[in-house]
Every structure is written in C-alpha cells, then in structure tokens.
Amino acid sequence: QVQLVESGGDSVQAGGSLRLTCEFSDYTFRRNGMAWFRQAPGKEREAVASISIVVWDVAINYADSVKDRFTISHDKAKNAMYLQMNSLSPEDAAMYYCAARSLGGGCGRCLSVYDYRYWGQGTQVTVSS
C-alpha cells in the first residue's frame, strides 16, 4: 500500500523555522520525483518545491515565493523527504502536502499538481505575526 506520511507541522511566530518530514513506503518515489505542495483555506493547492533524480544528479526547483528561504532534500537511507523552512511569514501558513510521481521522466520543473499521483494527508503550518 502506497503511503506518504507528513509530520513536523506546528505553530510558529513570523521569522521562525520549521522542518517538515515526509516518510514514504516506496523507494521508487525518490527516483521518480517528489515534491511539497501547500494549500491555504480558500486557495488552490500550490507547489513549494520539487526534487528528482536526473541521471546521476538531483534536480531541485522552488516556487519563487519560497526561494532562498526553504530547502528541500531527501534521505536515501531513511526513505524520507524534508522541507526546511526558514524566515516564515504568515503568508506561508497552510496545510503542507507531500507528493510523489508514479513514473519518472520529464516534467519540466515538476511543480504542477498534475505531475503527481500520490499524496499524503498533510501537516498544518501556522505562522503568527
């Protein structure tokens, strides 16, 4: 059974940091490509960052709104993906979701919801001003 389980969401003050974790059951997810998305109330789900393996390298892409503040990474040994979030602002408050592709191959920056088949249940991030 496919599983993506997020954790690490919390309530922080503006300027603070959080580290989200996504643990996954299928090691091929890391190879095919994974991403973090977020969705605030009343808004569409939007990409935060994507990570995939391209030949022998790792391709990482960020949404402009989080570039230079967030860092996506994964741990091969633990079947886990992370999102380090620094300098958080109230605009970053949302439910954060982990997503994984079912197949590899090109998807550009891989920041579209349509690029991903598998989704976790989400972890809530709240940022107070």
# chains A, B, ... in the order shown; residues from 1 in each chain; ligands from 1
>>> select_by_dssp(residues="segment 65-129 of chain A", states="strand (DSSP E or B)", output="ChimeraX atom specification")
/A:70-75,80-85,94-100,118-119,123-128
>>> residues_around(residues="Asp26 of chain A", least_positions_apart="4", cutoff="8 Å", atoms="only C-alpha atoms", output="list in words")
Val2, Gln3 and Asn79 of chain A
>>> residues_around(residues="Gln1 of chain A", least_positions_apart="4", cutoff="12 Å", atoms="only C-alpha atoms", output="list in words")
Phe24, Ser25, Asp26 and Tyr118 of chain A
>>> closest_residue(among="A:Tyr82, A:Ser129, A:Gly108, A:Lys76", to="Val5 of chain A", atoms="only C-alpha atoms")
A:Tyr82
>>> closest_residue(among="A:Gly33, A:Gln121, A:Lys78, A:Ser87", to="Val12 of chain A", atoms="only C-alpha atoms")
A:Ser87
>>> closest_residue(among="A:Leu83, A:Ile72, A:Leu4, A:Lys67", to="Tyr27 of chain A", atoms="only C-alpha atoms")
A:Leu4
>>> closest_residue(among="A:Arg45, A:Met81, A:Met34, A:Phe70", to="Leu103 of chain A", atoms="only C-alpha atoms")
A:Met34
>>> residues_around(residues="Ser128 of chain A", least_positions_apart="6", cutoff="10 Å", atoms="only C-alpha atoms", output="ChimeraX atom specification")
/A:11-16,88-91,93
>>> closest_residue(among="A:Leu18, A:Ala100, A:Met95, A:Cys110", to="Arg31 of chain A", atoms="only C-alpha atoms")
A:Ala100
>>> closest_residue(among="A:Asn61, A:Trp119, A:Gly42, A:Gly106", to="Ser73 of chain A", atoms="only C-alpha atoms")
A:Asn61
